[in-house]
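A.B. asks: Structure provided below as structure tokens; questions to follow.
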Amino acid sequence: MKIVSKSKIKVDGPGLVTGKQKFVDDFDMPGMLVGKILASPHAHAIIKKIDISKAEKLPGVHAVLYHKNVPRVAHTTAGQGFPEPSPYDTFMFDKKVRYVGDRVAAVAAESEEIAKKALSLIEVEYKILPAILSAKDSLKKNAPVIHDEPEAIMPIPVPYDPKRNIAASTDVQVGDIDKGFAKAALIVEREFKAHYATHCPMEPHITLTYPDENGRLVIITSTQVPFHVRRIVAQTLKLPIKKIRVIKPRIGGGFGGKQEILLEDVCSALTLKSSRPVKIRYTREEEFAKSRTRHEQYVNLKIGATKNGKLTSIYMDVLSNTGAYGSHALTVACNCGSKTLPLYPCDNVRFRATTVYTNLPVGGAYRGYGATQAAFALECLMDEIAYKLKIDPVELRRKNHIKSGGSSPIFEKLGEGKAGVKQTIGSCGLAECITKGARAIGWKKKQLEGRCPQCPNSKINTLKRGFGMCTLMQGSSIPEIDMAAATIKMNEDGSFNLLVGATDLGTGSDTILAQIAAEVLGCDESDMIVLSSDTDITPFDVGAYASSTTYLSGAAVKKTAEKIRDQIIKVAAEVCGGNPKKAIVENKTVKFPDGKNVSFYDIAIHTLYLKDQFQIAATESNISHKSPPPFAAHYVEVEVDTETGEVKLLKYVAAVDCGTEINPKLARGQTEGAVVNGIGYALMEEYIFNEKGKLLTDNFFTYKIPSTRDLPEMKIIHVKSYEDSGPFGAKSVSEISINGALPAISNAIFNATGARLTEGPFTAERVLKAIRRLE
């Protein structure tokens, strides 16, 4: 029975399409209160005085919280492994606010109307401070210090200098870049700006907390990291971990934004104060302003190459804007180098990154996680090298990209918050991705030797066609850091309970993990009853991030299933006298070469009721020792109106090597979704602030994301490869394809017009300005 590499229906699919699956907002409890949070109207201010007395006296109000009546515990909101590689610079409430939207107070009341009224009754007197609204201003002499609290620390031994507004920094070098540049026949250098963006999940952040019958705190929340939620809430509220249970139900999207503890601590504190269930849900406007964003970055890149296109030296210098707090500040910056630079092995490489505080919304984890920003710069500069040397951009990539058996010192030098892990590339289908993608887009060398002619069958001379491409890599989990575990037990009818701490965000990981277990056990995935993400019931898992679930959690499931299979075969051999070394499991039956068969049902009945009873069950853990990259080649065709600057995306091809597709339809859905995500980022999504740091684009009328009418013709190609270190040859797929649109479309615009776009999104106004600079 072949289960892996089959497009099986999602285990939660029927329940989702019939409305039976439960999300956080589907849970109601008797006596449940509504929580609301008062936000700062100022980008940088001291709370001189706050009076909550009127709010407390309002009928229907059961709790009011602010900085003087909650524990003052420095922590990070980043849902990362302990000790977190992010500064402890956050308090549940503080006497200082650091961006428009920062927490001031919170209330719990019997209705939303009463809660809003209570917020309006809280009187706050602010001392407004000078605000920093640009990353480059943060490093200026005499710039305002955003984090001057003495408690702010970095829990791991890496550079941290809040007095200079530096949340994180790193500097690694391989070889001698100066000598490398001296050998170069061509040196190209540019600054690129990767802009703010946010995740836009269908379901905004939402949390429900309540005290259970044993006095424990239960948190039902839309999160990617239930075990990290438990740990950080315990830390913030000074509670024992054993007093907290976290449950993740169905989630309406995460994309990294829910790898963060944003509501769980406040909601929990309101429950503890009121002894009542409390639910807090962000409005869409709050989701835009108060959740997390992609880190805005300036990437200065310099590359040297020989006249035949071989790279001699690379220097990447990143200035990253973490906003008001340092969530993921270091690790996103590190990933700018570690998830891009090994793609083109070079003897001389320097990577430098500085992450600074500003009085703007907070950066966090977002699909692509640093690689998105850095790939923009790297792939655009590779394109420029190709044009200047009159080499086909495709051939330039072929000449330089990493291959199976290859390595890069960057793997070992640069990890996430510490040194990385030495790695050799196992599977690499990038060459095939490049070839198949080029064929699908209709790539022709003659189209890349100069500007493209006016569009076919067009009488309008201002319309120009252009083609662009890029190559990409990402990773699969965080080696020697992340851990996952799984538990399987057999039931009386031969079915199995699969318990995993891994978090299904709507990606289908419950289905993927069920397929992996079923493949090992010779049954159907429908025989696996999956329960995920309940800290009281399921074993530990770091959660859904770093493209780790299939590769890391899948390996834990496979190891557990193999242990269960061994137990089943041993019992079957005892029942029928067969040779266990020659047995196989197939169609819910153990089969022996002599023709004897024992069904799973008979095995379960035997072990539970008849003889030498025991529960067939196992728990296994897995830690990854490498992070095998998926690879991709993306190609686009655009039409640019040189009179208006409007860009029309005509075709998009994404050729991806993700190893074995455990579920091809789900894997391709991840690629398609990531491509659309990237197209939105490249062409339309933009944060716009006023002069006081207030976000103006805080709804879907002003912050545009793609609809089906905006999408081009798309072709998704998954090439076959086999990653020996992954379960059944699998590696990751979900993140890599968000990274392609920004550089590929910029390259296509350049191909069409000669104008280089170095800052997104590529709006008509921005494109037209770039074209006019050529005149």
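Naming scheme: A, B, ... for chains in displayed order of the structure tokens; residues 1 onward per chain; ligands 1 onward as shown.
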Residues within 10 Å of A:Pro629, please, as number ranges by chain. Count only C-alpha atoms; anything in the same chain fewer than 6 positions from it doesn't count.
C.D. replies: A: 339, 342-343, 425-428, 472-477, 547, 657-659, 723, 731-733, 736
A.B. asks: Near A:Cys470, within 9 Å and counting only C-alpha atoms, which residues show up once chain neighbours fewer than 3 positions away are dropped, as a ChimeraX atom specification?
C.D. replies: /A:375,379-380,382-383,393-394,397,632-635,740-741,743-744,747
A.B. asks: Which residues come within 7 Å of A:Ala305, counting only C-alpha atoms, excluding same-chain residues fewer than 6 positions away, as a PDB file with C-alpha atoms, in the first residue's frame?
C.D. replies:
ATOM      1  CA  ALA A 184      37.947  40.617 -10.296  1.00  0.00           C
ATOM      2  CA  ALA A 185      37.547  41.853 -13.853  1.00  0.00           C
ATOM      3  CA  LEU A 186      34.185  43.338 -12.868  1.00  0.00           C
ATOM      4  CA  ILE A 187      32.889  44.691  -9.567  1.00  0.00           C
ATOM      5  CA  LEU A 311      32.622  34.967  -8.605  1.00  0.00           C
ATOM      6  CA  THR A 312      35.791  36.069  -6.787  1.00  0.00           C
TER       7      THR A 312
END
A.B. asks: Using only C-alpha atoms, find the one residue out of A:Asn165, A:Thr763, A:Ser495, A:Thr607 that sits nearest to A:Ile146.
C.D. replies: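 Ranking A:Asn165, A:Thr763, A:Ser495, A:Thr607 by distance to A:Ile146, first place goes to A:Asn165.
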A.B. asks: Using DSSP on the backbone coordinates, identify all residues within stretch 6-84 of chain A classified as alpha helix (DSSP H); present the result as a PyMOL selection string.
C.D. replies: chain A and resi 13-17+53-57
A.B. asks: Write a file of the just-selected residues containing C-alpha atoms, as a PDB file, in the first residue's frame.
C.D. replies:
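Below you can see selection30.pdb, which holds the result:
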ATOM      1  CA  GLY A  13     -10.401  18.632   5.080  1.00  0.00           C
ATOM      2  CA  PRO A  14     -14.019  17.418   5.296  1.00  0.00           C
ATOM      3  CA  GLY A  15     -14.422  19.109   8.682  1.00  0.00           C
ATOM      4  CA  LEU A  16     -13.016  22.368   7.351  1.00  0.00           C
ATOM      5  CA  VAL A  17     -15.219  22.579   4.268  1.00  0.00           C
ATOM      6  CA  SER A  53     -10.193  54.152  38.734  1.00  0.00           C
ATOM      7  CA  LYS A  54     -13.076  55.193  36.478  1.00  0.00           C
ATOM      8  CA  ALA A  55     -12.624  52.118  34.309  1.00  0.00           C
ATOM      9  CA  GLU A  56     -12.562  49.848  37.368  1.00  0.00           C
ATOM     10  CA  LYS A  57     -15.826  51.339  38.662  1.00  0.00           C
TER      11      LYS A  57
END
A.B. asks: Just to confirm, what's the straight-line distance from atom CA of A:Asp392 to atom CA of A:Ala674 in Å (one decimal)?
C.D. replies: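 Calculated distance between atom CA of A:Asp392 and atom CA of A:Ala674 is 26.7 Å.
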A.B. asks: Show me, as an mmCIF file with all heavy atoms, in the first residue's frame, the residues that have an atom within 9 Å of A:Lys2 when counting only C-alpha atoms, minus same-chain residues fewer than 5 positions from it.
C.D. replies:
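part_18.cif, freshly written:
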data_model
loop_
_atom_site.group_PDB
_atom_site.id
_atom_site.type_symbol
_atom_site.label_atom_id
_atom_site.label_comp_id
_atom_site.auth_asym_id
_atom_site.auth_seq_id
_atom_site.Cartn_x
_atom_site.Cartn_y
_atom_site.Cartn_z
ATOM 1 N N GLU A 519 2.775 4.867 5.956
ATOM 2 C CA GLU A 519 3.698 4.224 5.021
ATOM 3 C C GLU A 519 4.572 3.200 5.750
ATOM 4 O O GLU A 519 4.778 2.085 5.253
ATOM 5 C CB GLU A 519 4.581 5.285 4.351
ATOM 6 C CG GLU A 519 5.592 4.744 3.360
ATOM 7 C CD GLU A 519 4.980 4.370 2.026
ATOM 8 O OE1 GLU A 519 3.834 4.776 1.747
ATOM 9 O OE2 GLU A 519 5.643 3.660 1.240
ATOM 10 N N GLY A 522 2.233 0.150 7.016
ATOM 11 C CA GLY A 522 1.485 -0.655 6.067
ATOM 12 C C GLY A 522 -0.014 -0.542 6.232
ATOM 13 O O GLY A 522 -0.743 -1.524 6.064
ATOM 14 N N ASP A 524 -3.518 2.521 5.999
ATOM 15 C CA ASP A 524 -3.962 3.732 5.316
ATOM 16 C C ASP A 524 -3.843 4.917 6.267
ATOM 17 O O ASP A 524 -3.913 4.748 7.490
ATOM 18 C CB ASP A 524 -5.411 3.577 4.856
ATOM 19 C CG ASP A 524 -5.799 4.655 3.852
ATOM 20 O OD1 ASP A 524 -5.399 4.545 2.685
ATOM 21 O OD2 ASP A 524 -6.485 5.617 4.264
#
A.B. asks: Could you list, as a list in words, every residue within 8 Å of stretch 330-334 of chain A, counting only C-alpha atoms and ignoring same-chain residues fewer than 4 positions away?
C.D. replies: Pro85, Ser86, Ala167, Ala168, Ser169, Thr170, His295, Val318, Ser320, Gly326, Ser338, Ala353, Thr354, Thr355, Ala365, Tyr369, Gly370, Leu414, Gly415, Glu416 and Gly417 of chain A
